[in-house]
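Enquirer: Quick one: this structure, given as structure tokens, is what I'll be asking you about.
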Amino acid sequence: MTFGGHMIHLVVILFASVFTENILLARFLGMCSFLSVSRQVKTAVGLGFAVVFVMTFTVALDWLAFQYILQPFHLEFFRFILFIIIIAAFVQFVEMVIERYSPALYQTLGIFLPLITVNCAILGASLFMVIRDYNLAEGIAFGLGSGIGWMLAIVAMAGIREKLTTARIPAGLQGPGITLIIAGLMALAFIGFTGVLSGR
Amino acid sequence: MGTIIIAIVIISGVGAFLATLLVFAERVITNYGDVEVDINKGDKKFTVRGGGSLLETLTNQKIFIPSACGGRGTCGYCKVKVLEGAGTLLPTEEPYMDAQERAEGIRLSCQIKVRNKIEIEIPGDLLTIREYSCTCEKIIDYTYDMKQFNLKLVEPTSITYTPGQYIQLLAPAYEGSPEEVYRAYSISSDPANKSGIELIVRRVPDGICTTYLFDHLKEDDTVRVNGPYGKFYLRDTNAPIIFIAGGSGIAPIKCILHHMKNTTIKRKAVFFFGVRTTKDLFLVEEMKQFEKELADFTFIPVVSQPEEGSDWHGATGRVTTVAEEFLKRMPTVSDCEGYLCGSPGMIDSAVKILADLGIPEDKHYYDKFS
């Protein structure tokens, strides 16, 4: 493949993971924080950026660990444990650094980091990266795209839920009930993109 | 076999590497060096290692800011005015601050960290709060979940407090609770006795401090407390007094009653004491004694759910309902002062009833046990 061809391939992976294979709405990963932290657009944006950041970097780190530690020793089956400790350590480390060097960033991004340490979407992105046999550049594009897709979904949900505060919802459907129904409708909309692009 | 060993070595190796990295990072990155803390514009200055919360830092310097939740940001008591060096208000502090407090720079000292030079302002009497080392002289069982702890002061040997105030007791780390915590308890003893304090404590299921007090503390053990704190005390007026308390909320009121007896305060007073069942009643004899000794004091115990077949002939129902019925018939009720002590739910409904009876809100004094 030419350099231009490579670039187009990466862009396709990026867009596919944002829209057609949205990790949240097509794969239903990372639902817990999607449901609990989607009350306000402001906090959803903060959490979304944290996920984009962490996903991009952990996919890269996990790719390196998989390529240079697990594969040479034929320990691929250990990827769950290894990926989780790498993600947890990375998130803690980043939190410490941000808290120290950028109090402003800590306020907007840092306080969300502990919330997503064990987010399944983050681990999921790394595992998909292995299943699909991505190289490092593809993995990073996929991690970045999945993060942006997750953020897109949670910000959209928060926007809808902000509107819902003034809507008349039947008593039995208030709270989690209506949220899950909206998530389902949004997922249907995203499934409509299926097949338009494929990152594989 | 070889694979298993390699797997163990690799995974523990990576784990150990990351753990070392984090420990190292904690040493280097979260080390904020020596930081100066300035209290009340130069009244007191000290230098500490930065990185800890302001509450923690002040406690280490033997300056005790009231705090009931142990620094988890749930009680909102540990407010301190920060003049400089705390950054902007954190999302975790916002729920506890009104517009005026925000404008004045009031912060929750358990949430902000000491990372650079910090200037704060605290009320002068907080600087006089001291830490006391005591021995547990006696433990008295009142009911199945209520005990009294008599503490004798060892160092310093005497304490002065305003009747109605509370102290904080330190529960050390014990099996099942790895960290030491402070919890607030009202003083129930006779304030004339300055060489010791008594606390009445109800067992909280799975409570860190009450489990320590009920299951681990023995007579002659050493206990550390600090204080006194609180603005719940008898105001110096001649207004008739309404006391309403539930369960261990009797503690500060007992202390105030001792004080009224000692100083021959002759104000009219009525005390509604609410418990759930007749098994939960205690200190009734002592209260009857106060009825004889004080000029005009009425004690009305109220049981909300008397057991079937019990010989309870006193007032039955919720303490606030019984108080309302009783007070409605009092012609001068709107001149009274209300002193309330107990669970937040009880206080909220008592406040509402007193307001409905025409007692202005600035005449309601309360201590919420949460």
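Chain labels run A, B, ... following the order of the structure tokens; each chain numbers its residues from 1, and ligands are numbered from 1 in the order shown.
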Could you please tell me, as a list in words, which residues of chain A have an atom within 7 Å of chain B when using only C-alpha atoms?
Expert: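 Result: Leu75, Leu82, Ala89, Phe93, Met96, Val97 and Arg100 of chain A.
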Enquirer: For range 340-350 of chain B, find every residue with an atom within 6 Å (counting only C-alpha atoms), except residues of its own chain fewer than 2 positions away, and show them as a PyMOL selection string.
Expert: chain B and resi 243-246+249+320+352-353+366-369
Enquirer: Tell me which protein, DNA and RNA residues are within 7 Å of Val41 in chain A, counting only C-alpha atoms, leaving out same-chain ones fewer than 4 positions away, and put them as a list of chain:residue names.
Expert: A:Val45, A:Val155, A:Ala158, A:Gly159
Enquirer: Selected residues, N, CA and C atoms, written as a JSON list (two decimals), in the first residue's frame, please.
Expert:
```
[["chain", "number", "residue", "atom", "x", "y", "z"],
["A", 45, "VAL", "N", -19.16, 15.92, 28.64],
["A", 45, "VAL", "CA", -18.02, 16.31, 27.81],
["A", 45, "VAL", "C", -16.71, 16.03, 28.53],
["A", 155, "VAL", "N", -22.44, 12.46, 25.04],
["A", 155, "VAL", "CA", -22.84, 13.87, 24.96],
["A", 155, "VAL", "C", -24.24, 13.98, 24.37],
["A", 158, "ALA", "N", -26.62, 13.00, 27.05],
["A", 158, "ALA", "CA", -26.76, 14.03, 28.07],
["A", 158, "ALA", "C", -27.63, 15.17, 27.55],
["A", 159, "GLY", "N", -27.46, 15.51, 26.26],
["A", 159, "GLY", "CA", -28.28, 16.56, 25.66],
["A", 159, "GLY", "C", -29.75, 16.18, 25.72]]
```
Enquirer: Can you work out which one of B:Arg102, B:Arg107, B:Gly124, B:Pro95 has the shortest atom-to-atom distance to Lys79 in chain B, counting only C-alpha atoms?
Expert: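 Ranking B:Arg102, B:Arg107, B:Gly124, B:Pro95 by distance to Lys79 in chain B, first place goes to B:Arg107.
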Enquirer: At a cut-off of 10 Å, using only C-alpha atoms, what residues contact Trp63 in chain A? Leave out same-chain residues fewer than 2 positions from it and give the result as a list in words.
Expert: Phe57, Thr58, Val59, Ala60, Leu61, Ala65, Phe66, Gln67, Tyr68, Ile69, Leu70, Phe83, Ser126, Leu127, Met129, Val130, Asp133, Tyr134, Asn135, Leu136, Ala137, Gly139 and Ile140 of chain A
Enquirer: Which residues come within 6 Å of range 146-150 of chain A, counting only C-alpha atoms, excluding same-chain residues fewer than 3 positions away, as a list in words?
Expert: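 These residues fall inside the cut-off: Ser17, Val18, Asn22, Ile23, Leu24, Val51, Val52, Met55, Phe142, Gly143 and Ala153 of chain A.
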Enquirer: I need the residues from that last selection saved to file as a PDB file, in the first residue's frame (with C-alpha atoms), if you can.
Expert:
```
ATOM      1  CA  SER A  17     -15.139   3.249  14.954  1.00  0.00           C
ATOM      2  CA  VAL A  18     -16.844   6.597  15.525  1.00  0.00           C
ATOM      3  CA  ASN A  22     -19.628   2.853  17.773  1.00  0.00           C
ATOM      4  CA  ILE A  23     -18.280   1.016  20.793  1.00  0.00           C
ATOM      5  CA  LEU A  24     -21.140   2.206  22.991  1.00  0.00           C
ATOM      6  CA  VAL A  51     -12.217   8.426  27.700  1.00  0.00           C
ATOM      7  CA  VAL A  52     -10.796   9.664  24.375  1.00  0.00           C
ATOM      8  CA  MET A  55      -8.435   4.943  25.198  1.00  0.00           C
ATOM      9  CA  PHE A 142      -9.151   2.717  16.369  1.00  0.00           C
ATOM     10  CA  GLY A 143      -8.618   3.788  20.017  1.00  0.00           C
ATOM     11  CA  ALA A 153     -22.842   8.960  22.306  1.00  0.00           C
TER      12      ALA A 153
END
```
